[in-house]
file target05.cif (mmCIF, C-alpha atoms)
data_my_file
loop_
_atom_site.label_atom_id
_atom_site.label_comp_id
_atom_site.auth_asym_id
_atom_site.auth_seq_id
_atom_site.Cartn_x
_atom_site.Cartn_y
_atom_site.Cartn_z
CA MET A 8 10.75 21.62 9.09
CA ALA A 9 7.65 22.92 10.77
CA ASP A 10 7.68 24.65 14.13
CA LYS A 11 8.07 22.07 16.91
CA LYS A 12 6.04 24.01 19.51
CA LYS A 13 3.39 21.82 21.09
CA ARG A 14 -0.22 22.88 21.27
CA ARG A 15 -1.74 22.58 24.74
CA ARG A 16 -4.67 20.23 24.99
CA PRO A 17 -7.83 21.57 26.61
CA ASP A 18 -8.22 20.02 30.01
CA SER A 19 -11.61 20.45 31.62
CA ASP A 20 -13.74 18.08 33.67
CA SER A 21 -16.54 18.11 31.10
CA ASP A 22 -14.04 17.37 28.33
CA SER A 23 -12.60 14.40 30.24
CA ALA A 24 -16.07 13.02 30.83
CA SER A 25 -16.97 13.17 27.14
CA GLN A 26 -13.60 11.77 26.01
CA PRO A 27 -13.04 8.39 27.69
CA PHE A 28 -9.49 7.48 28.79
CA LYS A 29 -8.15 10.99 28.29
CA ASN A 30 -7.14 10.95 31.96
CA LEU A 31 -4.71 8.11 31.17
CA LEU A 32 -2.66 10.27 28.83
CA LYS A 33 0.81 11.31 29.92
CA SER A 34 2.30 14.62 28.84
CA ASP A 35 3.30 15.01 25.20
CA ASP A 36 6.98 15.15 26.22
CA GLN A 37 6.71 11.78 27.97
CA ILE A 38 5.00 10.20 24.95
CA LEU A 39 7.68 11.66 22.69
CA GLN A 40 10.38 10.05 24.84
CA ILE A 41 8.65 6.68 24.41
CA LEU A 42 8.47 7.20 20.64
CA GLU A 43 12.09 8.32 20.38
CA SER A 44 13.23 5.20 22.21
CA PHE A 45 11.11 2.98 19.94
CA THR A 46 12.31 4.68 16.74
CA SER A 47 15.94 4.49 17.86
CA SER A 48 15.72 0.74 18.51
CA PHE A 49 13.84 0.26 15.22
CA SER A 50 16.49 2.15 13.23
CA SER A 51 19.26 0.06 14.82
CA SER A 52 17.55 -3.17 13.80
CA SER A 53 16.98 -1.86 10.24
CA THR A 54 20.67 -1.54 9.40
CA SER A 55 21.05 -5.16 8.28
CA LYS A 56 20.55 -5.88 4.59
CA PRO A 57 17.03 -7.25 3.91
CA LEU A 58 16.70 -10.78 2.58
CA THR A 59 15.98 -11.27 -1.10
CA LEU A 60 14.57 -14.19 -3.07
CA ALA A 61 18.08 -14.94 -4.34
CA ASP A 62 19.30 -15.44 -0.74
CA LEU A 63 16.87 -18.31 -0.16
CA ALA A 64 17.29 -21.87 -1.40
CA LEU A 65 13.63 -22.43 -2.20
CA SER A 66 12.57 -25.78 -3.64
CA THR A 67 10.13 -23.93 -5.91
CA THR A 68 11.43 -21.77 -8.76
CA CYS A 69 10.03 -18.26 -8.50
CA ARG A 70 9.94 -15.29 -10.84
CA GLU A 71 10.73 -11.66 -10.02
CA VAL A 72 11.03 -8.55 -12.14
CA SER A 73 13.45 -5.65 -11.86
CA ASP A 74 13.67 -1.99 -12.84
CA LEU A 75 14.90 -1.69 -16.42
CA SER A 76 15.98 1.35 -18.39
CA LEU A 77 13.90 2.45 -21.38
CA SER A 78 16.59 1.22 -23.77
CA SER A 79 16.52 -2.20 -22.07
CA VAL A 80 12.72 -2.38 -22.32
CA GLN A 81 12.93 -1.38 -25.98
CA SER A 82 15.54 -4.08 -26.66
CA ALA A 83 13.43 -6.70 -24.83
CA ILE A 84 10.38 -5.86 -26.97
CA GLU A 85 12.39 -5.94 -30.19
CA SER A 86 13.94 -9.31 -29.25
CA LEU A 87 10.48 -10.70 -28.50
CA VAL A 88 9.12 -9.49 -31.85
CA LEU A 89 12.10 -11.08 -33.61
CA GLN A 90 11.31 -14.41 -31.90
CA LEU A 91 7.66 -14.11 -32.99
CA THR A 92 8.76 -13.40 -36.56
CA HIS A 93 10.91 -16.57 -36.57
CA GLN A 94 7.93 -18.54 -35.21
CA ILE A 95 5.68 -17.33 -38.01
CA LEU A 96 8.26 -17.88 -40.77
CA SER A 97 8.96 -21.42 -39.54
CA GLY A 98 5.25 -22.24 -39.68
CA GLN A 99 4.78 -22.57 -35.91
CA GLY A 100 2.18 -19.82 -35.76
CA PHE A 101 2.08 -16.74 -33.58
CA SER A 102 1.82 -17.04 -29.78
CA PHE A 103 2.98 -15.38 -26.57
CA THR A 104 4.30 -17.28 -23.56
CA ILE A 105 2.82 -15.44 -20.57
CA PRO A 106 3.79 -16.02 -16.91
CA SER A 107 0.66 -17.21 -15.09
CA ARG A 108 -0.62 -14.83 -12.41
CA SER A 109 -3.37 -17.19 -11.21
CA SER A 110 -3.84 -17.93 -7.50
CA SER A 111 -2.38 -21.41 -7.94
CA ASN A 112 0.87 -19.86 -9.14
CA GLN A 113 1.35 -17.70 -6.03
CA LEU A 114 3.59 -18.53 -3.08
CA TYR A 115 3.84 -16.86 0.31
CA VAL A 116 7.46 -16.87 1.52
CA PRO A 117 7.55 -16.49 5.35
CA GLU A 118 11.24 -15.51 5.38
CA LEU A 119 10.43 -12.54 3.15
CA ASP A 120 6.91 -12.03 4.54
CA ARG A 121 5.53 -11.41 1.06
CA ILE A 122 3.81 -13.15 -1.83
CA VAL A 123 5.90 -14.10 -4.87
CA LEU A 124 5.10 -15.54 -8.28
CA LYS A 125 6.04 -19.10 -9.17
CA ASP A 126 7.47 -20.06 -12.55
CA LYS A 127 4.43 -21.52 -14.33
CA SER A 128 3.58 -20.02 -17.75
CA THR A 129 0.70 -20.27 -20.21
CA VAL A 130 0.69 -20.04 -24.00
CA ARG A 131 -1.52 -17.42 -25.65
CA PRO A 132 -1.86 -18.41 -29.35
CA PHE A 133 -3.23 -16.11 -32.04
CA SER A 134 -4.68 -19.05 -33.95
CA HIS A 135 -7.10 -20.16 -31.20
CA ILE A 136 -10.55 -18.60 -31.09
CA SER A 137 -10.54 -18.38 -27.25
CA SER A 138 -7.31 -16.38 -27.12
CA VAL A 139 -7.10 -14.50 -30.45
CA ARG A 140 -8.50 -11.26 -29.00
CA LYS A 141 -6.26 -11.27 -25.93
CA THR A 142 -3.23 -12.05 -28.11
CA THR A 143 -4.13 -9.06 -30.30
CA ILE A 144 -4.41 -6.83 -27.20
CA THR A 145 -1.00 -8.08 -26.00
CA ALA A 146 0.59 -7.20 -29.36
CA LYS A 147 -1.08 -3.77 -29.27
CA ILE A 148 0.19 -3.01 -25.74
CA LEU A 149 3.72 -4.07 -26.74
CA SER A 150 3.55 -1.72 -29.74
CA LEU A 151 2.36 1.20 -27.58
CA VAL A 152 5.05 0.64 -24.93
CA HIS A 153 7.67 0.51 -27.69
CA GLN A 154 6.47 3.94 -28.88
CA LEU A 155 6.83 5.29 -25.32
CA CYS A 156 10.40 4.01 -25.20
CA LEU A 157 11.26 5.73 -28.48
CA LYS A 158 9.67 9.04 -27.43
CA ASN A 159 10.80 8.84 -23.77
CA ILE A 160 7.42 9.99 -22.44
CA HIS A 161 4.95 8.81 -19.79
CA VAL A 162 1.23 8.15 -20.32
CA THR A 163 -1.54 7.11 -17.95
CA LYS A 164 -3.29 3.74 -18.09
CA ARG A 165 -6.38 5.68 -19.20
CA ASP A 166 -4.46 7.17 -22.15
CA LEU A 167 -3.40 3.67 -23.13
CA PHE A 168 -6.99 2.44 -23.05
CA TYR A 169 -8.23 5.26 -25.29
CA THR A 170 -5.77 4.40 -28.09
CA ASP A 171 -8.18 1.63 -29.16
CA VAL A 172 -11.40 1.53 -27.15
CA LYS A 173 -13.07 -0.92 -29.55
CA LEU A 174 -10.28 -3.44 -29.15
CA PHE A 175 -9.83 -3.12 -25.37
CA GLN A 176 -13.58 -2.66 -24.65
CA ASP A 177 -12.89 -2.14 -20.96
CA GLN A 178 -9.90 -0.60 -19.17
CA ILE A 179 -9.77 -3.58 -16.82
CA GLN A 180 -8.72 -5.67 -19.83
CA SER A 181 -5.97 -3.33 -21.02
CA ASP A 182 -4.71 -2.96 -17.42
CA ALA A 183 -4.53 -6.75 -16.99
CA VAL A 184 -2.59 -7.23 -20.22
CA LEU A 185 -0.25 -4.39 -19.20
CA ASP A 186 0.65 -6.45 -16.11
CA ASP A 187 1.12 -9.51 -18.35
CA VAL A 188 3.50 -7.55 -20.58
CA SER A 189 5.46 -6.26 -17.60
CA CYS A 190 5.83 -9.80 -16.25
CA MET A 191 6.70 -11.21 -19.68
CA LEU A 192 9.46 -8.63 -20.26
CA GLY A 193 10.80 -9.13 -16.71
CA CYS A 194 10.49 -5.46 -15.73
CA THR A 195 8.49 -3.45 -13.22
CA ARG A 196 5.35 -1.77 -14.48
CA SER A 197 6.87 1.66 -13.88
CA SER A 198 9.67 0.68 -16.29
CA LEU A 199 7.06 0.69 -19.07
CA ASN A 200 6.44 4.45 -18.57
CA VAL A 201 2.73 3.77 -18.02
CA ILE A 202 1.44 5.37 -14.82
CA ALA A 203 -1.84 5.62 -12.93
CA ALA A 204 -3.53 8.94 -12.21
CA GLU A 205 -2.50 10.61 -8.94
CA LYS A 206 -4.41 9.17 -5.98
CA GLY A 207 -2.35 9.01 -2.79
CA VAL A 208 -1.37 12.05 -0.72
CA VAL A 209 1.26 12.76 1.93
CA VAL A 210 1.57 15.44 4.59
CA GLY A 211 3.86 16.02 7.57
CA ARG A 212 7.55 16.02 8.42
CA LEU A 213 8.98 15.21 5.00
CA ILE A 214 11.01 17.13 2.45
CA PHE A 215 11.78 15.55 -0.92
CA SER A 216 12.59 16.50 -4.48
CA ASP A 217 9.98 15.91 -7.18
CA ASN A 218 11.58 16.13 -10.63
CA GLY A 219 14.07 18.68 -9.25
CA ASP A 220 11.58 20.76 -7.24
CA MET A 221 11.98 20.64 -3.45
CA ILE A 222 8.70 19.89 -1.66
CA ASP A 223 8.11 20.59 2.05
CA CYS A 224 5.11 18.50 3.13
CA THR A 225 4.51 20.63 6.24
CA LYS A 226 3.57 23.51 3.93
CA MET A 227 1.06 21.75 1.71
CA GLY A 228 -2.07 22.79 3.62
CA MET A 229 -4.77 20.38 4.75
CA GLY A 230 -4.90 18.56 1.41
CA GLY A 231 -1.24 17.56 1.49
CA LYS A 232 1.01 16.78 -1.48
CA ALA A 233 -0.18 14.39 -4.17
CA ILE A 234 2.17 11.40 -4.38
CA PRO A 235 3.98 11.65 -7.73
CA PRO A 236 3.14 8.83 -10.16
CA ASN A 237 6.75 8.79 -11.40
CA ILE A 238 8.56 7.52 -8.33
CA ASP A 239 11.85 7.36 -10.23
CA ARG A 240 11.84 11.18 -10.17
CA VAL A 241 11.51 11.35 -6.37
CA GLY A 242 14.68 11.75 -4.33
CA ASP A 243 16.59 13.59 -1.58
CA MET A 244 14.18 12.51 1.18
CA GLN A 245 14.76 14.28 4.50
CA SER A 246 12.76 13.99 7.71
CA ASP A 247 12.85 14.51 11.47
CA ALA A 248 9.77 12.29 11.91
CA LEU A 249 9.63 9.51 14.49
CA PHE A 250 7.28 7.28 12.48
CA ILE A 251 5.14 7.02 9.36
CA LEU A 252 1.38 6.87 9.89
CA LEU A 253 -0.37 4.95 7.11
CA VAL A 254 -4.09 5.83 7.03
CA GLU A 255 -6.70 3.88 5.07
CA LYS A 256 -9.37 6.54 4.70
CA ASP A 257 -9.34 10.08 3.35
CA ALA A 258 -11.67 11.28 6.14
CA ALA A 259 -9.26 10.22 8.90
CA TYR A 260 -6.35 11.69 6.94
CA ILE A 261 -8.10 15.07 6.68
CA ARG A 262 -8.85 15.08 10.41
CA LEU A 263 -5.19 14.44 11.28
CA ALA A 264 -3.91 16.92 8.70
CA GLU A 265 -6.22 19.71 9.86
CA ASP A 266 -5.26 19.08 13.49
CA ARG A 267 -1.58 19.11 12.42
CA PHE A 268 -1.05 15.90 14.34
CA TYR A 269 2.38 15.65 12.68
CA ASN A 270 3.60 18.71 14.62
CA ARG A 271 2.46 17.42 18.00
CA PHE A 272 3.99 14.00 17.37
CA PRO A 273 6.55 14.33 14.54
CA CYS A 274 5.41 11.96 11.82
CA ILE A 275 4.63 11.58 8.12
CA ILE A 276 0.98 10.85 7.29
CA VAL A 277 0.16 9.05 4.04
CA THR A 278 -3.02 7.65 2.50
CA ALA A 279 -4.10 6.08 -0.79
CA LYS A 280 -7.74 6.95 0.01
CA GLY A 281 -8.83 3.31 0.09
CA GLN A 282 -7.35 0.56 -2.07
CA PRO A 283 -3.55 0.97 -2.36
CA ASP A 284 -2.33 2.17 -5.75
CA VAL A 285 1.11 1.37 -7.15
CA ALA A 286 2.53 4.89 -6.67
CA THR A 287 1.55 5.04 -2.98
CA ARG A 288 2.96 1.55 -2.35
CA LEU A 289 6.25 2.49 -4.05
CA PHE A 290 6.41 5.81 -2.17
CA LEU A 291 5.74 4.19 1.21
CA ARG A 292 8.46 1.61 0.65
CA LYS A 293 10.92 4.30 -0.47
CA MET A 294 10.23 6.38 2.65
CA LYS A 295 10.66 3.45 5.00
CA MET A 296 13.84 2.11 3.38
CA GLU A 297 15.57 5.50 3.01
CA LEU A 298 14.45 7.13 6.27
CA LYS A 299 14.51 3.89 8.30
CA LEU A 300 11.28 4.75 10.11
CA PRO A 301 8.64 2.39 11.55
CA VAL A 302 5.27 2.33 9.77
CA LEU A 303 2.07 2.26 11.87
CA ALA A 304 -1.21 1.54 10.09
CA LEU A 305 -4.65 2.96 10.91
CA VAL A 306 -7.40 1.05 9.07
CA ASP A 307 -11.08 0.21 9.57
CA SER A 308 -11.95 -2.66 11.89
CA ASP A 309 -13.28 -4.92 9.15
CA PRO A 310 -11.84 -7.66 6.89
CA TYR A 311 -11.21 -5.18 4.08
CA GLY A 312 -9.14 -2.92 6.32
CA LEU A 313 -6.87 -5.85 7.10
CA LYS A 314 -6.74 -6.81 3.41
CA ILE A 315 -5.59 -3.29 2.56
CA LEU A 316 -2.94 -3.49 5.28
CA SER A 317 -1.76 -6.86 3.92
CA VAL A 318 -1.43 -5.46 0.37
CA TYR A 319 0.96 -2.78 1.66
CA GLY A 320 2.88 -5.31 3.76
CA CYS A 321 2.84 -8.62 1.86
CA GLY A 322 1.76 -7.59 -1.63
CA SER A 323 -1.24 -8.26 -3.85
CA LYS A 324 -1.69 -11.52 -5.70
CA ASN A 325 -2.37 -9.58 -8.88
CA MET A 326 1.11 -8.00 -8.81
CA SER A 327 3.06 -10.65 -6.91
CA TYR A 328 5.67 -10.63 -9.70
CA ASP A 329 6.80 -7.19 -8.42
CA SER A 330 6.34 -7.73 -4.69
CA ALA A 331 10.01 -7.01 -4.00
CA ASN A 332 9.49 -3.37 -5.03
CA LEU A 333 5.90 -2.85 -3.93
CA THR A 334 5.85 -4.22 -0.37
CA THR A 335 6.80 -2.46 2.85
CA PRO A 336 7.98 -4.99 5.45
CA ASP A 337 7.03 -5.01 9.12
CA ILE A 338 4.06 -2.62 9.13
CA LYS A 339 2.51 -2.43 12.59
CA TRP A 340 -1.29 -2.70 12.93
CA LEU A 341 -2.09 0.25 15.19
CA GLY A 342 -5.88 0.28 14.89
CA ILE A 343 -8.80 0.25 14.65
CA ARG A 344 -8.67 -3.34 15.89
CA PRO A 345 -11.68 -5.49 16.83
CA SER A 346 -10.54 -5.57 20.46
CA ASP A 347 -10.60 -1.74 20.48
CA LEU A 348 -14.39 -1.72 20.14
CA ASP A 349 -14.87 -2.88 23.73
CA LYS A 350 -11.59 -1.53 25.06
CA TYR A 351 -12.49 2.03 24.04
CA LYS A 352 -16.20 1.51 24.72
CA ILE A 353 -17.32 2.30 21.17
CA PRO A 354 -21.12 2.77 21.42
CA GLU A 355 -23.29 0.02 19.95
CA GLN A 356 -24.97 2.48 17.60
CA CYS A 357 -21.56 3.18 16.03
CA ARG A 358 -20.81 -0.50 15.34
CA LEU A 359 -22.03 -2.19 12.18
CA PRO A 360 -23.18 -5.80 11.77
CA MET A 361 -20.98 -7.85 9.45
CA THR A 362 -22.66 -9.14 6.31
CA GLU A 363 -22.38 -12.77 5.22
CA GLN A 364 -19.79 -11.66 2.66
CA ASP A 365 -17.82 -9.85 5.39
CA ILE A 366 -17.78 -13.00 7.52
CA LYS A 367 -16.71 -15.13 4.55
CA THR A 368 -13.90 -12.68 3.74
CA GLY A 369 -12.77 -12.77 7.38
CA LYS A 370 -12.72 -16.57 7.43
CA ASP A 371 -10.85 -16.65 4.11
CA LEU A 372 -8.23 -14.30 5.56
CA LEU A 373 -7.76 -16.67 8.51
CA GLU A 374 -6.66 -19.31 5.98
CA GLU A 375 -3.98 -17.09 4.45
CA ASP A 376 -0.38 -17.90 5.39
CA PHE A 377 0.54 -14.24 5.90
CA VAL A 378 -2.21 -13.97 8.53
CA LYS A 379 -1.34 -17.25 10.23
CA LYS A 380 2.22 -15.98 10.69
CA ASN A 381 0.91 -13.19 12.96
CA PRO A 382 -0.78 -14.67 16.09
CA GLY A 383 -2.07 -11.21 17.04
CA TRP A 384 -3.80 -10.85 13.66
CA VAL A 385 -5.36 -14.31 14.05
CA GLU A 386 -6.69 -13.43 17.51
CA GLU A 387 -8.19 -10.14 16.31
CA LEU A 388 -9.74 -11.70 13.20
CA ASN A 389 -11.25 -14.53 15.24
CA LEU A 390 -12.77 -11.94 17.58
CA MET A 391 -14.20 -10.03 14.62
CA VAL A 392 -15.77 -13.15 13.07
CA LYS A 393 -17.09 -14.30 16.47
CA THR A 394 -18.74 -10.98 17.41
CA LYS A 395 -19.85 -10.31 13.80
CA GLN A 396 -19.21 -6.62 14.39
CA LYS A 397 -17.18 -4.11 12.43
CA ALA A 398 -16.48 -0.39 12.76
CA GLU A 399 -14.94 2.38 10.73
CA ILE A 400 -12.28 4.76 12.02
CA GLN A 401 -14.98 7.44 12.12
CA ALA A 402 -16.77 5.54 14.91
CA LEU A 403 -14.37 7.33 17.28
CA SER A 404 -16.10 10.60 16.36
CA SER A 405 -18.91 9.58 18.73
CA PHE A 406 -16.61 10.90 21.49
CA GLY A 407 -15.90 14.12 19.60
CA PHE A 408 -14.60 14.90 16.14
CA GLN A 409 -11.03 15.29 17.44
CA TYR A 410 -11.00 12.22 19.68
CA LEU A 411 -8.88 10.39 17.08
CA SER A 412 -6.07 12.94 17.21
CA GLU A 413 -6.50 14.14 20.80
CA VAL A 414 -6.90 10.85 22.69
CA TYR A 415 -7.03 7.61 20.69
CA LEU A 416 -3.76 7.90 18.73
CA PRO A 417 -1.74 9.55 21.54
CA LEU A 418 -2.82 6.78 23.95
CA LYS A 419 -1.98 4.09 21.38
CA LEU A 420 1.48 5.62 20.90
CA GLN A 421 1.99 5.99 24.66
CA GLN A 422 1.14 2.33 25.28
CA GLN A 423 2.96 1.15 22.10
CA ASP A 424 -0.28 -0.71 21.41
CA TRP A 425 0.33 -2.18 17.97
CA LEU A 426 0.71 -5.64 16.45
#
call {"tool": "encode", "arguments": {"input": "target05.cif", "output": "structure tokens"}}
result
Amino acid sequence: MADKKKRRRPDSDSDSASQPFKNLLKSDDQILQILESFTSSFSSSSTSKPLTLADLALSTTCREVSDLSLSSVQSAIESLVLQLTHQILSGQGFSFTIPSRSSSNQLYVPELDRIVLKDKSTVRPFSHISSVRKTTITAKILSLVHQLCLKNIHVTKRDLFYTDVKLFQDQIQSDAVLDDVSCMLGCTRSSLNVIAAEKGVVVGRLIFSDNGDMIDCTKMGMGGKAIPPNIDRVGDMQSDALFILLVEKDAAYIRLAEDRFYNRFPCIIVTAKGQPDVATRLFLRKMKMELKLPVLALVDSDPYGLKILSVYGCGSKNMSYDSANLTTPDIKWLGIRPSDLDKYKIPEQCRLPMTEQDIKTGKDLLEEDFVKKNPGWVEELNLMVKTKQKAEIQALSSFGFQYLSEVYLPLKLQQQDWL
């Protein structure tokens, strides 16, 4: 691991005047003691086995997928094709039964604190003019995945799209059907050997193996290590970190990486550079479950920042069928929170007015069950909608480019100010 020597913070009167609340900071050693106590209590509470859907006696039947081997995926596709052949030969026509991923077929389960998929399905017949093209795309995707199983190789979603651009027309359409196929076969999307391009990055107190190569994330420079798209090849995670810091934006991530915040306060810093991708969500969950570390989230103070946080924590409605593998439970909302704007005296010129769409999104979030379960989230969202103000993490730069790493985050950690 990296050298644990602490860097001394500059401490001048002019610096304190330009960096509000810096005088409230305790020494790094005192803050570390607070963090060590928190992490120790968190690890103790994480020893119990997490609840699963099977443990609950829900009145509604729900559907979940699991990791399958390539041979199992291949067998599932071949069995499905055999059923389709029997349908055609018996004169019933050719159709797929697809689990519905519509909003009406989603269910938030408070005991699990995540969104799951209910058991409703729709029929996609080849003979109907409204569904013939989508049925053809489904058959094409099944054929391509079967080839991947036979060859035991991975391809990107973009590769898949370019196998027949005229049929797919748009990658959004091939991506959507890929999720349908995954749900229909009862396997995770990663089981299909179709991956997304690398997007997320990680830096800090983490060592892990990537396809047999040992990676030390303290020695990856400012850019960090790209999160591998094949999470099944990641293993042997080791860390002396006290927490995982999940960052929404690339700009904030670069600031913390360049300042080597992870050496001052031992942590692992991870970002998906905006909207969470599957690989980053899988990697974050793997880190938390294996290392038993708390996850603290740093997102923009706007409705979309909270939506991004909720995707990591409770799952996305689009991929609710795989929420068991893609969600990271009990993520703490560290900042930037609406109440921080006044608390940290963020200048008015650094705050942005919320648009009508922002306000609508905020009000819609207040109606979501996963938000209602968190009184602190409700209070912060209500404040945001009432004041009609939002701010990005970079608003803290008005007090100096390093205010985020030198004052704001250390003070948040010292006060254990998270929800």
call {"tool": "residues_around", "arguments": {"input": "target05.cif", "residues": "Leu124 in chain A", "least_positions_apart": "5", "cutoff": "12 Å", "atoms": "all atoms listed in the file", "output": "PDB file with C-alpha atoms, in the coordinates of the input"}}
result
ATOM      1  CA  LEU A  60      14.570 -14.190  -3.070  1.00  0.00           C
ATOM      2  CA  THR A  67      10.130 -23.930  -5.910  1.00  0.00           C
ATOM      3  CA  THR A  68      11.430 -21.770  -8.760  1.00  0.00           C
ATOM      4  CA  CYS A  69      10.030 -18.260  -8.500  1.00  0.00           C
ATOM      5  CA  ARG A  70       9.940 -15.290 -10.840  1.00  0.00           C
ATOM      6  CA  GLU A  71      10.730 -11.660 -10.020  1.00  0.00           C
ATOM      7  CA  VAL A  72      11.030  -8.550 -12.140  1.00  0.00           C
ATOM      8  CA  PRO A 106       3.790 -16.020 -16.910  1.00  0.00           C
ATOM      9  CA  SER A 107       0.660 -17.210 -15.090  1.00  0.00           C
ATOM     10  CA  ARG A 108      -0.620 -14.830 -12.410  1.00  0.00           C
ATOM     11  CA  SER A 109      -3.370 -17.190 -11.210  1.00  0.00           C
ATOM     12  CA  SER A 110      -3.840 -17.930  -7.500  1.00  0.00           C
ATOM     13  CA  SER A 111      -2.380 -21.410  -7.940  1.00  0.00           C
ATOM     14  CA  ASN A 112       0.870 -19.860  -9.140  1.00  0.00           C
ATOM     15  CA  GLN A 113       1.350 -17.700  -6.030  1.00  0.00           C
ATOM     16  CA  LEU A 114       3.590 -18.530  -3.080  1.00  0.00           C
ATOM     17  CA  TYR A 115       3.840 -16.860   0.310  1.00  0.00           C
ATOM     18  CA  VAL A 116       7.460 -16.870   1.520  1.00  0.00           C
ATOM     19  CA  CYS A 190       5.830  -9.800 -16.250  1.00  0.00           C
ATOM     20  CA  GLY A 322       1.760  -7.590  -1.630  1.00  0.00           C
ATOM     21  CA  SER A 323      -1.240  -8.260  -3.850  1.00  0.00           C
ATOM     22  CA  LYS A 324      -1.690 -11.520  -5.700  1.00  0.00           C
ATOM     23  CA  ASN A 325      -2.370  -9.580  -8.880  1.00  0.00           C
ATOM     24  CA  MET A 326       1.110  -8.000  -8.810  1.00  0.00           C
ATOM     25  CA  SER A 327       3.060 -10.650  -6.910  1.00  0.00           C
ATOM     26  CA  TYR A 328       5.670 -10.630  -9.700  1.00  0.00           C
ATOM     27  CA  ASP A 329       6.800  -7.190  -8.420  1.00  0.00           C
ATOM     28  CA  SER A 330       6.340  -7.730  -4.690  1.00  0.00           C
ATOM     29  CA  ALA A 331      10.010  -7.010  -4.000  1.00  0.00           C
TER      30      ALA A 331
END
call {"tool": "closest_atom_pairs", "arguments": {"input": "target05.cif", "of": "range 264-305 of chain A", "to": "range 218-239 of chain A", "cutoff": "9 Å", "atoms": "all atoms listed in the file", "output": "JSON lines"}}
result
{"residue": "A:Ala264", "atom": "CA", "partner": "A:Met229", "partner_atom": "CA", "distance": 5.3}
{"residue": "A:Glu265", "atom": "CA", "partner": "A:Met229", "partner_atom": "CA", "distance": 5.4}
{"residue": "A:Asp266", "atom": "CA", "partner": "A:Met229", "partner_atom": "CA", "distance": 8.8}
{"residue": "A:Arg267", "atom": "CA", "partner": "A:Met229", "partner_atom": "CA", "distance": 8.4}
{"residue": "A:Tyr269", "atom": "CA", "partner": "A:Thr225", "partner_atom": "CA", "distance": 8.4}
{"residue": "A:Asn270", "atom": "CA", "partner": "A:Thr225", "partner_atom": "CA", "distance": 8.6}
{"residue": "A:Ile275", "atom": "CA", "partner": "A:Cys224", "partner_atom": "CA", "distance": 8.5}
{"residue": "A:Val277", "atom": "CA", "partner": "A:Ile234", "partner_atom": "CA", "distance": 9.0}
{"residue": "A:Ala279", "atom": "CA", "partner": "A:Ile234", "partner_atom": "CA", "distance": 9.0}
{"residue": "A:Val285", "atom": "CA", "partner": "A:Pro236", "partner_atom": "CA", "distance": 8.3}
{"residue": "A:Ala286", "atom": "CA", "partner": "A:Pro236", "partner_atom": "CA", "distance": 5.3}
{"residue": "A:Thr287", "atom": "CA", "partner": "A:Ile234", "partner_atom": "CA", "distance": 6.5}
{"residue": "A:Leu289", "atom": "CA", "partner": "A:Ile238", "partner_atom": "CA", "distance": 7.0}
{"residue": "A:Phe290", "atom": "CA", "partner": "A:Ile238", "partner_atom": "CA", "distance": 6.7}
{"residue": "A:Lys293", "atom": "CA", "partner": "A:Ile238", "partner_atom": "CA", "distance": 8.8}
call {"tool": "residues_around", "arguments": {"input": "target05.cif", "residues": "Leu77 in chain A", "least_positions_apart": "3", "cutoff": "9 Å", "atoms": "all atoms listed in the file", "output": "list in words"}}
result
Val80, Gln81, Ser82, Leu155, Cys156, Leu157, Asn159, Ser198, Leu199 and Asn200 of chain A
call {"tool": "resolve_selection", "arguments": {"input": "target05.cif", "expression": "the PyMOL selection byres ((chain A and resi 367-373) around 9)", "output": "mmCIF file with C-alpha atoms, keeping the file's coordinate frame"}}
result
data_model
loop_
_atom_site.group_PDB
_atom_site.id
_atom_site.type_symbol
_atom_site.label_atom_id
_atom_site.label_comp_id
_atom_site.auth_asym_id
_atom_site.auth_seq_id
_atom_site.Cartn_x
_atom_site.Cartn_y
_atom_site.Cartn_z
ATOM 1 C CA ASP A 309 -13.280 -4.920 9.150
ATOM 2 C CA PRO A 310 -11.840 -7.660 6.890
ATOM 3 C CA TYR A 311 -11.210 -5.180 4.080
ATOM 4 C CA LEU A 313 -6.870 -5.850 7.100
ATOM 5 C CA LYS A 314 -6.740 -6.810 3.410
ATOM 6 C CA THR A 362 -22.660 -9.140 6.310
ATOM 7 C CA GLU A 363 -22.380 -12.770 5.220
ATOM 8 C CA GLN A 364 -19.790 -11.660 2.660
ATOM 9 C CA ASP A 365 -17.820 -9.850 5.390
ATOM 10 C CA ILE A 366 -17.780 -13.000 7.520
ATOM 11 C CA GLU A 374 -6.660 -19.310 5.980
ATOM 12 C CA GLU A 375 -3.980 -17.090 4.450
ATOM 13 C CA ASP A 376 -0.380 -17.900 5.390
ATOM 14 C CA PHE A 377 0.540 -14.240 5.900
ATOM 15 C CA VAL A 378 -2.210 -13.970 8.530
ATOM 16 C CA LYS A 379 -1.340 -17.250 10.230
ATOM 17 C CA TRP A 384 -3.800 -10.850 13.660
ATOM 18 C CA VAL A 385 -5.360 -14.310 14.050
ATOM 19 C CA LEU A 388 -9.740 -11.700 13.200
ATOM 20 C CA ASN A 389 -11.250 -14.530 15.240
ATOM 21 C CA MET A 391 -14.200 -10.030 14.620
ATOM 22 C CA VAL A 392 -15.770 -13.150 13.070
#
call {"tool": "closest_residue", "arguments": {"input": "target05.cif", "among": "A:Pro117, A:Cys357, A:Phe133, A:Ala398", "to": "Gln99 in chain A", "atoms": "all atoms listed in the file"}}
result
A:Phe133
call {"tool": "closest_residue", "arguments": {"input": "target05.cif", "among": "A:Glu355, A:Asp217, A:Asp284, A:Asp177", "to": "Ile202 in chain A", "atoms": "only C-alpha atoms"}}
result
A:Asp284
call {"tool": "residues_around", "arguments": {"input": "target05.cif", "residues": "Pro417 in chain A", "least_positions_apart": "2", "cutoff": "10 Å", "atoms": "all atoms listed in the file", "output": "list of chain:residue names"}}
result
A:Lys29, A:Leu32, A:Lys33, A:Ser34, A:Asp35, A:Ile38, A:Leu39, A:Phe268, A:Arg271, A:Phe272, A:Tyr410, A:Leu411, A:Ser412, A:Glu413, A:Val414, A:Tyr415, A:Lys419, A:Leu420, A:Gln421, A:Gln422, A:Gln423
